[in-house]
$ cat model_10.cif   # mmCIF, C-alpha atoms and all ligand atoms
data_run
loop_
_atom_site.label_atom_id
_atom_site.label_comp_id
_atom_site.auth_asym_id
_atom_site.auth_seq_id
_atom_site.Cartn_x
_atom_site.Cartn_y
_atom_site.Cartn_z
CA MET A 1 3.68 17.86 -30.54
CA ARG A 2 4.67 14.33 -31.60
CA GLU A 3 8.14 15.42 -32.70
CA PHE A 4 9.01 16.74 -29.23
CA ARG A 5 10.48 13.45 -28.04
CA ASP A 6 14.20 13.95 -27.43
CA VAL A 7 16.42 14.06 -24.39
CA LEU A 8 18.12 17.48 -24.35
CA HIS A 9 20.57 17.13 -21.51
CA ILE A 10 21.41 14.81 -18.63
CA ASP A 11 23.47 16.08 -15.73
CA ALA A 12 24.03 13.04 -13.56
CA ALA A 13 26.18 14.95 -11.06
CA ALA A 14 23.61 17.72 -10.56
CA GLY A 15 20.79 15.11 -10.57
CA TYR A 16 18.48 16.25 -13.36
CA VAL A 17 17.39 15.43 -16.91
CA GLU A 18 16.00 17.89 -19.40
CA ALA A 19 13.77 16.33 -22.08
CA GLU A 20 10.97 17.15 -24.48
CA GLY A 21 7.41 16.59 -23.32
CA MET A 22 6.36 13.80 -25.68
CA ILE A 23 9.31 11.51 -24.97
CA PRO A 24 8.01 8.09 -23.90
CA TYR A 25 9.53 6.82 -20.66
CA GLU A 26 10.91 3.83 -22.56
CA SER A 27 13.34 6.11 -24.46
CA LEU A 28 13.96 8.40 -21.49
CA VAL A 29 14.97 5.44 -19.32
CA VAL A 30 17.40 4.06 -21.94
CA GLU A 31 19.23 7.37 -22.12
CA CYS A 32 19.22 7.96 -18.37
CA LEU A 33 20.53 4.44 -17.61
CA ALA A 34 23.40 5.04 -20.06
CA HIS A 35 24.41 7.91 -17.73
CA GLY A 36 24.06 5.77 -14.58
CA VAL A 37 20.81 7.42 -13.45
CA MET A 38 17.02 6.96 -13.71
CA PRO A 39 14.15 9.46 -13.49
CA ALA A 40 13.28 9.56 -9.78
CA VAL A 41 9.80 8.16 -10.53
CA VAL A 42 9.23 6.03 -13.66
CA PRO A 43 5.57 5.15 -14.36
CA GLN A 44 5.22 1.43 -15.05
CA LEU A 45 4.20 1.57 -18.71
CA LYS A 46 6.80 2.23 -21.41
CA THR A 47 4.37 4.22 -23.54
CA ILE A 48 3.59 6.93 -20.97
CA THR A 49 5.26 10.20 -21.92
CA LEU A 50 7.08 12.57 -19.62
CA GLY A 51 4.71 15.47 -20.40
CA GLY A 52 1.67 13.20 -20.08
CA ALA A 53 2.80 12.00 -16.65
CA VAL A 54 3.33 15.58 -15.45
CA SER A 55 -0.04 16.79 -16.76
CA GLY A 56 -1.69 13.73 -15.21
CA VAL A 57 -0.51 11.80 -12.17
CA GLY A 58 2.36 9.28 -12.34
CA ILE A 59 3.49 6.93 -9.60
CA GLU A 60 5.88 4.02 -8.97
CA SER A 61 7.57 2.06 -6.23
CA SER A 62 10.12 4.86 -5.67
CA SER A 63 7.24 7.21 -4.75
CA HIS A 64 7.70 6.45 -1.05
CA ARG A 65 10.92 8.51 -1.35
CA HIS A 66 10.22 10.93 -4.17
CA GLY A 67 6.44 11.41 -4.29
CA LEU A 68 4.49 11.47 -7.56
CA VAL A 69 6.08 12.24 -10.94
CA HIS A 70 5.16 15.94 -10.67
CA ASP A 71 6.88 16.17 -7.26
CA THR A 72 10.15 15.47 -9.10
CA VAL A 73 9.78 18.25 -11.67
CA LEU A 74 12.12 21.24 -11.41
CA ALA A 75 10.94 23.36 -14.35
CA LEU A 76 8.57 23.23 -17.33
CA ASP A 77 8.18 25.01 -20.67
CA VAL A 78 4.46 25.19 -21.41
CA LEU A 79 2.98 25.90 -24.84
CA LEU A 80 -0.22 27.90 -24.37
CA GLY A 81 -3.26 27.88 -26.65
CA ASP A 82 -2.29 31.25 -28.16
CA GLY A 83 1.19 30.03 -29.11
CA ARG A 84 3.16 31.61 -26.27
CA ILE A 85 5.75 29.43 -24.51
CA LEU A 86 6.26 30.08 -20.80
CA THR A 87 8.99 28.75 -18.56
CA CYS A 88 7.48 27.82 -15.21
CA THR A 89 9.41 27.09 -12.02
CA PRO A 90 8.32 26.88 -8.37
CA ALA A 91 9.69 30.39 -7.77
CA ASN A 92 9.28 32.47 -10.96
CA GLU A 93 6.38 34.64 -12.14
CA HIS A 94 4.62 31.55 -13.55
CA ALA A 95 4.80 29.52 -10.34
CA ASP A 96 0.98 29.42 -10.35
CA LEU A 97 1.07 27.48 -13.64
CA PHE A 98 3.92 25.28 -12.37
CA PHE A 99 1.78 24.25 -9.39
CA GLY A 100 -1.46 24.17 -11.39
CA PHE A 101 -0.13 22.05 -14.27
CA PRO A 102 -0.22 18.56 -12.64
CA ASN A 103 -3.67 17.01 -13.12
CA SER A 104 -4.62 19.66 -15.71
CA TYR A 105 -4.50 17.02 -18.54
CA GLY A 106 -3.64 19.42 -21.32
CA THR A 107 -6.44 21.86 -20.49
CA LEU A 108 -4.11 24.75 -19.63
CA GLY A 109 -1.30 24.11 -22.10
CA TYR A 110 1.16 21.47 -23.28
CA ALA A 111 4.52 20.63 -21.69
CA LEU A 112 7.18 21.12 -24.38
CA ARG A 113 10.22 20.74 -22.16
CA VAL A 114 10.51 19.25 -18.70
CA GLU A 115 13.40 19.33 -16.26
CA ALA A 116 13.07 16.52 -13.73
CA LYS A 117 15.07 14.97 -10.94
CA VAL A 118 17.15 11.83 -11.59
CA ILE A 119 18.75 9.48 -9.06
CA PRO A 120 21.85 7.28 -9.33
CA VAL A 121 21.24 3.58 -10.01
CA LYS A 122 23.11 0.32 -9.51
CA PRO A 123 23.00 -2.46 -12.12
CA TYR A 124 20.59 -4.75 -10.27
CA VAL A 125 17.61 -4.72 -7.92
CA GLN A 126 17.25 -7.35 -5.23
CA LEU A 127 13.59 -8.08 -4.46
CA ARG A 128 12.06 -9.61 -1.36
CA HIS A 129 8.41 -10.65 -1.42
CA LEU A 130 6.87 -10.84 2.05
CA GLY A 131 3.52 -12.64 2.42
CA PHE A 132 0.77 -11.83 4.97
CA ASP A 133 -2.64 -13.28 5.69
CA SER A 134 -4.22 -10.33 7.49
CA PRO A 135 -4.58 -6.71 6.35
CA GLY A 136 -3.87 -5.39 9.88
CA GLU A 137 -0.50 -7.12 10.04
CA TYR A 138 0.24 -6.13 6.43
CA PHE A 139 -0.34 -2.41 6.96
CA ARG A 140 1.58 -2.47 10.27
CA GLU A 141 4.61 -4.02 8.57
CA LEU A 142 4.35 -1.61 5.65
CA GLY A 143 4.30 1.35 8.09
CA ALA A 144 7.34 -0.04 9.92
CA ARG A 145 9.28 -0.50 6.66
CA LEU A 146 8.44 3.02 5.54
CA ASP A 147 9.53 4.45 8.91
CA ALA A 148 12.82 2.52 8.67
CA GLY A 149 13.36 4.12 5.23
CA ASP A 150 16.06 1.65 4.23
CA THR A 151 14.44 0.30 1.06
CA ASP A 152 14.84 1.81 -2.41
CA PHE A 153 11.56 0.50 -3.84
CA VAL A 154 8.30 -0.48 -2.11
CA ASP A 155 5.06 -1.75 -3.64
CA GLY A 156 2.51 -4.44 -2.88
CA THR A 157 0.16 -6.90 -4.53
CA VAL A 158 -3.04 -8.10 -2.89
CA PHE A 159 -4.34 -11.33 -4.41
CA ALA A 160 -7.16 -11.65 -1.84
CA PRO A 161 -7.85 -10.11 1.59
CA ASP A 162 -5.90 -12.99 3.15
CA ARG A 163 -3.12 -13.15 0.52
CA LEU A 164 -1.25 -9.89 0.70
CA TYR A 165 2.33 -9.35 -0.48
CA LEU A 166 4.78 -6.58 0.16
CA THR A 167 7.68 -6.28 -2.28
CA LEU A 168 10.82 -4.53 -1.09
CA GLY A 169 13.53 -3.67 -3.61
CA ARG A 170 17.11 -2.66 -2.99
CA PHE A 171 19.73 -1.56 -5.50
CA ALA A 172 22.57 -4.11 -5.77
CA GLU A 173 26.02 -3.99 -7.40
CA THR A 174 25.98 -7.71 -8.13
CA ALA A 175 23.36 -10.43 -8.52
CA PRO A 176 23.71 -14.22 -8.15
CA TYR A 177 21.24 -14.62 -11.08
CA THR A 178 18.62 -12.52 -12.85
CA SER A 179 15.06 -13.45 -13.75
CA ASP A 180 13.43 -12.62 -17.06
CA TYR A 181 9.75 -11.63 -17.12
CA THR A 182 9.67 -10.31 -20.66
CA PHE A 183 8.32 -13.46 -22.32
CA GLU A 184 7.57 -16.89 -20.92
CA HIS A 185 7.54 -16.07 -17.21
CA ILE A 186 5.02 -13.65 -15.72
CA TYR A 187 6.15 -11.24 -13.03
CA TYR A 188 3.03 -11.03 -10.87
CA ARG A 189 2.80 -14.81 -10.67
CA SER A 190 6.36 -14.95 -9.33
CA ILE A 191 5.42 -12.84 -6.29
CA PRO A 192 3.79 -15.59 -4.20
CA GLU A 193 6.20 -18.19 -5.57
CA LYS A 194 9.54 -16.59 -4.71
CA ARG A 195 10.79 -15.06 -1.49
CA GLU A 196 13.76 -13.45 -3.20
CA ASP A 197 14.49 -12.44 -6.78
CA TYR A 198 16.97 -10.38 -8.81
CA LEU A 199 16.35 -8.24 -11.88
CA THR A 200 18.51 -5.87 -13.87
CA ILE A 201 17.52 -2.27 -13.15
CA HIS A 202 16.11 -2.02 -16.70
CA ASP A 203 13.93 -5.11 -16.26
CA TYR A 204 12.89 -3.99 -12.78
CA LEU A 205 11.58 -0.67 -14.11
CA TRP A 206 9.52 -2.47 -16.79
CA ARG A 207 8.52 -5.53 -14.72
CA TRP A 208 4.83 -4.52 -14.93
CA ASP A 209 4.81 -3.52 -18.60
CA THR A 210 4.97 -6.97 -20.21
CA ASP A 211 1.61 -8.02 -18.75
CA TRP A 212 0.16 -4.59 -17.99
CA PHE A 213 0.38 -5.64 -14.36
CA TRP A 214 -2.02 -8.64 -14.75
CA CYS A 215 -4.50 -7.11 -17.20
CA SER A 216 -3.04 -9.06 -20.17
CA LYS A 217 -5.15 -12.00 -18.94
CA ASN A 218 -8.20 -10.29 -20.48
CA LEU A 219 -6.47 -10.51 -23.87
CA MET A 220 -5.58 -14.21 -23.44
CA ALA A 221 -1.90 -13.25 -23.36
CA GLN A 222 -1.30 -15.39 -20.28
CA ASN A 223 -2.28 -18.56 -22.10
CA ALA A 224 1.08 -20.21 -22.87
CA LEU A 225 0.22 -21.01 -26.51
CA VAL A 226 -1.36 -17.64 -27.32
CA ARG A 227 1.54 -15.92 -25.56
CA LYS A 228 4.15 -17.77 -27.57
CA PHE A 229 2.58 -18.04 -31.01
CA VAL A 230 0.10 -15.15 -31.30
CA PHE A 231 1.83 -12.42 -29.32
CA GLY A 232 5.49 -13.47 -29.30
CA ARG A 233 8.09 -11.68 -27.18
CA LYS A 234 8.01 -8.45 -29.19
CA ARG A 235 4.28 -7.83 -29.05
CA LEU A 236 3.82 -8.42 -25.32
CA GLY A 237 3.54 -5.08 -23.57
CA SER A 238 1.57 -1.91 -23.04
CA ARG A 239 1.92 -0.68 -26.62
CA THR A 240 0.04 -3.68 -28.06
CA TYR A 241 -2.57 -3.87 -25.30
CA THR A 242 -3.42 -0.18 -25.59
CA LYS A 243 -4.13 -0.63 -29.31
CA ILE A 244 -6.29 -3.73 -28.73
CA MET A 245 -8.30 -2.05 -25.96
CA ARG A 246 -8.94 0.98 -28.22
CA TRP A 247 -10.26 -1.28 -31.03
CA ASN A 248 -12.38 -3.17 -28.54
CA SER A 249 -13.97 -0.07 -27.09
CA ARG A 250 -14.57 1.36 -30.57
CA LEU A 251 -16.22 -1.86 -31.82
CA GLY A 252 -17.92 -2.69 -28.50
CA LEU A 253 -16.99 -6.40 -28.85
CA THR A 254 -16.87 -7.27 -25.14
CA LYS A 255 -20.16 -5.45 -24.53
CA LYS A 256 -21.85 -7.53 -27.25
CA VAL A 257 -20.62 -10.80 -25.70
CA GLU A 258 -21.78 -9.71 -22.24
CA ARG A 259 -25.23 -8.87 -23.58
CA VAL A 260 -25.54 -12.37 -25.02
CA LEU A 261 -24.52 -13.85 -21.65
CA GLY A 262 -27.05 -11.68 -19.80
CA LEU A 263 -24.39 -9.81 -17.85
CA HIS A 264 -24.21 -6.15 -16.89
CA SER A 265 -20.76 -4.69 -16.69
CA GLU A 266 -19.00 -1.57 -15.50
CA SER A 267 -15.38 -0.82 -16.16
CA VAL A 268 -13.66 -0.10 -12.84
CA ILE A 269 -10.25 1.31 -13.68
CA GLN A 270 -9.02 3.54 -10.91
CA ASP A 271 -5.96 4.69 -8.99
CA VAL A 272 -6.85 6.25 -5.67
CA ASP A 273 -4.56 7.76 -3.03
CA ILE A 274 -5.73 7.19 0.54
CA PRO A 275 -4.05 8.56 3.68
CA LEU A 276 -1.97 5.65 5.01
CA ALA A 277 -3.75 5.80 8.38
CA ARG A 278 -7.09 5.03 6.63
CA ALA A 279 -5.77 2.35 4.24
CA GLY A 280 -7.29 -0.53 6.22
CA GLU A 281 -10.73 1.08 6.01
CA PHE A 282 -10.42 1.45 2.25
CA LEU A 283 -9.36 -2.18 1.79
CA ASP A 284 -12.31 -3.31 3.89
CA PHE A 285 -14.71 -1.22 1.78
CA TYR A 286 -13.07 -2.53 -1.41
CA GLN A 287 -13.36 -6.14 -0.35
CA ARG A 288 -17.06 -5.79 0.47
CA ASN A 289 -18.11 -3.78 -2.59
CA ILE A 290 -15.67 -4.13 -5.47
CA ALA A 291 -13.51 -7.22 -4.88
CA LEU A 292 -11.60 -7.24 -8.16
CA TRP A 293 -8.28 -8.98 -7.56
CA PRO A 294 -5.34 -8.57 -7.69
CA LEU A 295 -5.02 -5.05 -6.40
CA TRP A 296 -1.83 -2.98 -6.60
CA ILE A 297 -0.57 -0.95 -3.65
CA CYS A 298 2.09 1.74 -3.66
CA PRO A 299 3.10 4.13 -0.86
CA ILE A 300 3.61 7.85 -1.55
CA GLY A 301 5.86 9.71 0.85
CA PRO A 302 5.38 13.18 2.30
CA VAL A 303 7.25 15.68 0.11
CA PRO A 304 7.76 19.44 0.27
CA HIS A 305 5.22 21.36 -1.86
CA ALA A 306 2.71 18.44 -1.88
CA GLU A 307 0.06 20.86 -0.64
CA SER A 308 0.86 23.48 -3.31
CA PHE A 309 -0.27 21.49 -6.36
CA SER A 310 -3.66 23.13 -6.64
CA LEU A 311 -5.43 20.63 -8.94
CA TYR A 312 -4.20 17.55 -7.08
CA PRO A 313 -4.04 18.73 -3.47
CA ARG A 314 -2.47 16.34 -0.95
CA LYS A 315 -1.48 16.92 2.63
CA ASN A 316 2.15 16.57 3.62
CA GLN A 317 1.60 13.01 4.92
CA TRP A 318 1.88 9.36 3.86
CA TYR A 319 -0.62 8.09 1.30
CA LEU A 320 -1.20 4.66 -0.13
CA ASN A 321 -2.15 4.30 -3.79
CA PHE A 322 -4.61 1.51 -4.56
CA GLY A 323 -4.70 0.59 -8.26
CA PHE A 324 -7.42 -1.67 -9.66
CA TRP A 325 -8.18 -2.15 -13.32
CA ASP A 326 -10.89 -4.57 -14.33
CA VAL A 327 -14.55 -4.97 -15.20
CA LYS A 328 -17.21 -5.52 -12.56
CA ARG A 329 -19.81 -7.93 -13.97
CA THR A 330 -23.15 -8.49 -12.28
CA ARG A 331 -26.40 -10.27 -13.10
CA GLU A 332 -28.46 -7.36 -11.81
CA ALA A 333 -28.53 -3.97 -13.53
CA HIS A 334 -27.19 -0.84 -11.82
CA GLU A 335 -27.35 2.80 -12.72
CA ARG A 336 -24.50 4.10 -14.91
CA GLY A 337 -21.27 4.46 -12.92
CA HIS A 338 -22.71 2.78 -9.82
CA PHE A 339 -19.46 1.19 -8.58
CA ASN A 340 -17.17 4.03 -9.65
CA ARG A 341 -19.37 6.56 -7.91
CA MET A 342 -19.33 4.45 -4.74
CA ILE A 343 -15.52 4.54 -4.89
CA GLU A 344 -15.44 8.31 -5.48
CA LYS A 345 -17.58 8.89 -2.38
CA LYS A 346 -15.52 6.57 -0.20
CA VAL A 347 -12.21 8.09 -1.32
CA ALA A 348 -13.47 11.60 -0.48
CA ALA A 349 -14.84 10.44 2.89
CA LEU A 350 -11.43 9.01 3.81
CA GLY A 351 -9.62 12.24 2.87
CA GLY A 352 -8.10 10.72 -0.26
CA ILE A 353 -8.00 11.77 -3.91
CA LYS A 354 -8.32 9.84 -7.16
CA SER A 355 -6.64 10.20 -10.54
CA LEU A 356 -8.75 11.42 -13.45
CA TYR A 357 -7.23 9.37 -16.29
CA SER A 358 -10.20 7.00 -16.54
CA ASP A 359 -13.94 7.26 -15.87
CA SER A 360 -15.25 9.81 -13.37
CA TYR A 361 -18.82 10.53 -12.37
CA PHE A 362 -18.53 13.49 -9.97
CA PRO A 363 -21.28 16.12 -10.02
CA GLU A 364 -19.68 19.42 -11.05
CA ASP A 365 -19.89 21.17 -7.64
CA GLU A 366 -18.22 18.24 -5.89
CA PHE A 367 -15.53 18.06 -8.58
CA GLU A 368 -14.78 21.78 -8.12
CA ARG A 369 -14.38 21.31 -4.36
CA LEU A 370 -12.02 18.37 -4.72
CA TYR A 371 -9.84 19.52 -7.63
CA GLY A 372 -9.07 23.17 -6.89
CA GLY A 373 -12.09 24.69 -8.69
CA GLY A 374 -11.53 28.40 -7.88
CA THR A 375 -7.80 28.23 -8.54
CA TYR A 376 -8.41 26.33 -11.76
CA ARG A 377 -10.87 28.96 -13.02
CA ALA A 378 -8.29 31.69 -12.30
CA LEU A 379 -5.56 29.74 -14.13
CA LYS A 380 -7.85 29.12 -17.10
CA ALA A 381 -8.75 32.83 -17.29
CA LYS A 382 -5.09 33.80 -17.13
CA TYR A 383 -3.43 31.18 -19.35
CA ASP A 384 -6.21 30.03 -21.73
CA PRO A 385 -8.58 33.01 -21.87
CA GLN A 386 -9.86 32.12 -25.34
CA GLY A 387 -10.68 28.57 -24.33
CA ALA A 388 -8.42 26.93 -26.91
CA PHE A 389 -8.50 23.81 -24.73
CA PRO A 390 -11.55 22.24 -23.06
CA GLY A 391 -12.16 22.71 -19.34
CA LEU A 392 -11.01 20.06 -16.86
CA TYR A 393 -14.52 18.92 -15.88
CA ALA A 394 -15.62 18.72 -19.53
CA LYS A 395 -12.53 16.75 -20.50
CA CYS A 396 -12.14 14.38 -17.56
CA VAL A 397 -15.73 13.79 -16.42
CA LEU A 398 -18.01 14.60 -19.35
CA ARG A 399 -15.39 13.30 -21.82
CA HIS A 400 -16.07 16.06 -24.36
C1 LIG A 501 -4.52 2.64 -19.49
C2 LIG A 501 -3.75 3.50 -18.53
C3 LIG A 501 -2.80 2.92 -17.71
C4 LIG A 501 -2.06 3.72 -16.83
N1 LIG A 501 -1.12 3.12 -16.06
C5 LIG A 501 -0.32 3.87 -15.30
C6 LIG A 501 0.77 3.30 -14.60
O1 LIG A 501 1.00 2.10 -14.68
N2 LIG A 501 1.54 4.11 -13.84
C7 LIG A 501 1.32 5.45 -13.77
O2 LIG A 501 2.07 6.15 -13.11
N3 LIG A 501 0.29 6.02 -14.41
C8 LIG A 501 -0.52 5.27 -15.16
N4 LIG A 501 -1.55 5.86 -15.83
C9 LIG A 501 -1.79 7.28 -15.64
C10 LIG A 501 -0.92 8.05 -16.59
O3 LIG A 501 0.34 8.33 -16.01
C11 LIG A 501 -1.60 9.39 -16.93
O4 LIG A 501 -2.88 9.13 -17.47
C12 LIG A 501 -0.79 10.19 -17.93
O5 LIG A 501 -1.43 11.43 -18.12
C13 LIG A 501 -0.69 9.45 -19.25
O6 LIG A 501 0.25 10.08 -20.05
P1 LIG A 501 0.44 9.70 -21.59
O7 LIG A 501 1.75 10.23 -21.98
O8 LIG A 501 0.19 8.24 -21.78
O9 LIG A 501 -0.64 10.62 -22.27
P2 LIG A 501 -2.00 10.36 -23.02
O10 LIG A 501 -2.73 9.20 -22.42
O11 LIG A 501 -1.74 10.42 -24.46
O12 LIG A 501 -2.72 11.69 -22.57
C14 LIG A 501 -3.25 11.83 -21.27
C15 LIG A 501 -3.69 13.26 -21.07
O13 LIG A 501 -2.56 14.09 -20.90
C16 LIG A 501 -2.58 15.14 -21.86
N5 LIG A 501 -1.19 15.31 -22.29
C17 LIG A 501 -0.42 14.41 -22.94
N6 LIG A 501 0.80 14.93 -23.15
C18 LIG A 501 0.81 16.17 -22.61
C19 LIG A 501 1.76 17.20 -22.50
N7 LIG A 501 2.98 17.09 -23.02
N8 LIG A 501 1.41 18.34 -21.87
C20 LIG A 501 0.16 18.51 -21.37
N9 LIG A 501 -0.78 17.58 -21.44
C21 LIG A 501 -0.48 16.41 -22.06
C22 LIG A 501 -3.50 14.68 -22.98
O14 LIG A 501 -4.16 15.77 -23.58
C23 LIG A 501 -4.49 13.82 -22.24
O15 LIG A 501 -5.52 14.57 -21.67
C24 LIG A 501 -2.31 5.10 -16.72
C25 LIG A 501 -3.29 5.68 -17.55
C26 LIG A 501 -3.99 4.90 -18.45
C27 LIG A 501 -5.02 5.55 -19.34
#

$ encode --input "model_10.cif" --output "structure tokens" --more "lines below"
Ligand SMILES: Cc1cc2nc3c(=O)[nH]c(=O)nc-3n(C[C@H](O)[C@H](O)[C@H](O)COP(=O)(O)OP(=O)(O)OC[C@H]3O[C@@H](n4cnc5c(N)ncnc54)[C@H](O)[C@@H]3O)c2cc1C
Amino acid sequence: MREFRDVLHIDAAAGYVEAEGMIPYESLVVECLAHGVMPAVVPQLKTITLGGAVSGVGIESSSHRHGLVHDTVLALDVLLGDGRILTCTPANEHADLFFGFPNSYGTLGYALRVEAKVIPVKPYVQLRHLGFDSPGEYFRELGARLDAGDTDFVDGTVFAPDRLYLTLGRFAETAPYTSDYTFEHIYYRSIPEKREDYLTIHDYLWRWDTDWFWCSKNLMAQNALVRKFVFGRKRLGSRTYTKIMRWNSRLGLTKKVERVLGLHSESVIQDVDIPLARAGEFLDFYQRNIALWPLWICPIGPVPHAESFSLYPRKNQWYLNFGFWDVKRTREAHERGHFNRMIEKKVAALGGIKSLYSDSYFPEDEFERLYGGGTYRALKAKYDPQGAFPGLYAKCVLRH
């Protein structure tokens, strides 16, 4: 599959790009920008591939207009386990696979070719960072901005329950200056420091990549000397961090240090989508039980077909994505998955849904109820009858 990484066609006027499944967004964006367009939703990490984002769940600050990555897909060619290649669209004989592919994580087949929506861009993005000291006021203002619908990009960063920021981005033809967060300056730190900022569209799309949001702090990359002399401009970014994290989890280095310090730890890496009307309740729960800061927030707009994606069912309503990626360390021991399981239960109780790209602890019956169990079994029987690929529960929860 690795060789399937080219752009096949961009039709800026008709508003779509056709590309191979393994193309990383970094390359896809370069080619789209050269045609004056961008994929309607560009996940924040350069290394994520188009096919990976469609088979999982991808999101960004344009999601308030365009939904999740899979909401922007127009057609897919899927390679099945028996070697057949099927073209799937929302209206052809393989519409069931089209709607069952998102959140299937390569357990039904692999996306060879994807046709996805693109939108026109301007050269710059003007950012405004609005600060709030109460969640109630923050969510009210966010709702008002979404209703007004006059902003191209919306996301938020919560540094603490009384330090909440909303970032509104608008395309701009000109900019009085542009900031650079690809080396010495760190984007997330600029949020509370600046009320207004300008970035080129390219740098805006990758503003979170350089420091993996804020997670590069765990790799010392935010120390000025380490940043400059160990990492250097070229090595800062998701590609390097992914490699380091893989080595670390293989060698268990952090775990060994924690054991020496008498700490118990649980990795809490989750993206959860909560109905906007219940967002305040989730933040309150999060503050009391998890409290890993900062926290990323991103609205997802109602889109046609949202209810049809059988393995990632959403209602046709506003959701708010909460992203948090850190390690919860405690002096006392807890059962395996204690904090993640607490989150899973709360998300379900609030009518939300969580992504499956990291750790999950659902019992199988609950998982089936939440992620389209009956429909998934029918899809598996139809498109992967010989079980060439693992099942979704085995892959995403049991990690087989
Ligand atoms: C560390 C980390 C950070 C993330 N950060 C973000 C983020 O900032 N923004 C965001 O929107 N999402 C984020 N995600 C979620 C991400 O979009 C999904 O996990 C997506 O599936 C990753 O795609 P990938 O190309 O990196 O694939 P991989 O991580 O290589 O694979 C992910 C899964 O997708 C399957 N897969 C890969 N390619 C295909 C294909 N062509 N067809 C079918 N199945 C395929 C693989 O078998 C695997 O199960 C993150 C995930 C991780 C693990």

$ atom_distance --input "model_10.cif" --atom1 "CA of Asp211 in chain A" --atom2 "CA of Ile191 in chain A"
13.9 Å

$ closest_residue --input "model_10.cif" --among "A:Lys346, A:Arg5, A:His264, A:Arg235" --to "ligand LIG 501 (chain A)" --atoms "all atoms listed in the file"
A:Arg5

$ residues_near_ligand --input "model_10.cif" --ligand "ligand LIG 501 (chain A)" --cutoff "7 Å" --atoms "only C-alpha atoms and all ligand atoms" --output "VMD selection string"
chain A and resid 21 to 22 24 43 to 45 47 to 60 105 to 106 109 to 112 242 357 to 358

$ write_last_selection --input "model_10.cif" --atoms "C-alpha atoms" --output "PDB file, keeping the file's coordinate frame"
ATOM      1  CA  GLY A  21       7.410  16.590 -23.320  1.00  0.00           C
ATOM      2  CA  MET A  22       6.360  13.800 -25.680  1.00  0.00           C
ATOM      3  CA  PRO A  24       8.010   8.090 -23.900  1.00  0.00           C
ATOM      4  CA  PRO A  43       5.570   5.150 -14.360  1.00  0.00           C
ATOM      5  CA  GLN A  44       5.220   1.430 -15.050  1.00  0.00           C
ATOM      6  CA  LEU A  45       4.200   1.570 -18.710  1.00  0.00           C
ATOM      7  CA  THR A  47       4.370   4.220 -23.540  1.00  0.00           C
ATOM      8  CA  ILE A  48       3.590   6.930 -20.970  1.00  0.00           C
ATOM      9  CA  THR A  49       5.260  10.200 -21.920  1.00  0.00           C
ATOM     10  CA  LEU A  50       7.080  12.570 -19.620  1.00  0.00           C
ATOM     11  CA  GLY A  51       4.710  15.470 -20.400  1.00  0.00           C
ATOM     12  CA  GLY A  52       1.670  13.200 -20.080  1.00  0.00           C
ATOM     13  CA  ALA A  53       2.800  12.000 -16.650  1.00  0.00           C
ATOM     14  CA  VAL A  54       3.330  15.580 -15.450  1.00  0.00           C
ATOM     15  CA  SER A  55      -0.040  16.790 -16.760  1.00  0.00           C
ATOM     16  CA  GLY A  56      -1.690  13.730 -15.210  1.00  0.00           C
ATOM     17  CA  VAL A  57      -0.510  11.800 -12.170  1.00  0.00           C
ATOM     18  CA  GLY A  58       2.360   9.280 -12.340  1.00  0.00           C
ATOM     19  CA  ILE A  59       3.490   6.930  -9.600  1.00  0.00           C
ATOM     20  CA  GLU A  60       5.880   4.020  -8.970  1.00  0.00           C
ATOM     21  CA  TYR A 105      -4.500  17.020 -18.540  1.00  0.00           C
ATOM     22  CA  GLY A 106      -3.640  19.420 -21.320  1.00  0.00           C
ATOM     23  CA  GLY A 109      -1.300  24.110 -22.100  1.00  0.00           C
ATOM     24  CA  TYR A 110       1.160  21.470 -23.280  1.00  0.00           C
ATOM     25  CA  ALA A 111       4.520  20.630 -21.690  1.00  0.00           C
ATOM     26  CA  LEU A 112       7.180  21.120 -24.380  1.00  0.00           C
ATOM     27  CA  THR A 242      -3.420  -0.180 -25.590  1.00  0.00           C
ATOM     28  CA  TYR A 357      -7.230   9.370 -16.290  1.00  0.00           C
ATOM     29  CA  SER A 358     -10.200   7.000 -16.540  1.00  0.00           C
TER      30      SER A 358
END

$ residues_around --input "model_10.cif" --residues "Lys382 in chain A" --least-positions-apart "3" --cutoff "12 Å" --atoms "only C-alpha atoms" --output "VMD selection string"
chain A and resid 80 to 82 94 96 to 97 100 108 to 109 375 to 379 385 to 387

$ residues_around --input "model_10.cif" --residues "range 200-210 of chain A" --least-positions-apart "5" --cutoff "7 Å" --atoms "only C-alpha atoms" --output "PyMOL selection string"
chain A and resi 44-46+123-125+178+181-182+187+236-238

$ build_atoms --input "model_10.cif" --residues "range 198-202 of chain A" --atoms "N, CA and C atoms" --output "short mmCIF file (atom, residue, chain, number, x, y, z; two decimals), in the frame of the given file"
data_model
loop_
_atom_site.label_atom_id
_atom_site.label_comp_id
_atom_site.auth_asym_id
_atom_site.auth_seq_id
_atom_site.Cartn_x
_atom_site.Cartn_y
_atom_site.Cartn_z
N TYR A 198 16.06 -11.43 -8.32
CA TYR A 198 16.97 -10.38 -8.81
C TYR A 198 16.60 -10.02 -10.24
N LEU A 199 16.60 -8.72 -10.52
CA LEU A 199 16.35 -8.24 -11.88
C LEU A 199 17.40 -7.19 -12.21
N THR A 200 17.67 -7.02 -13.51
CA THR A 200 18.51 -5.87 -13.87
C THR A 200 17.67 -4.63 -13.59
N ILE A 201 18.30 -3.48 -13.43
CA ILE A 201 17.52 -2.27 -13.15
C ILE A 201 16.56 -2.01 -14.30
N HIS A 202 17.00 -2.24 -15.55
CA HIS A 202 16.11 -2.02 -16.70
C HIS A 202 14.87 -2.91 -16.59
#
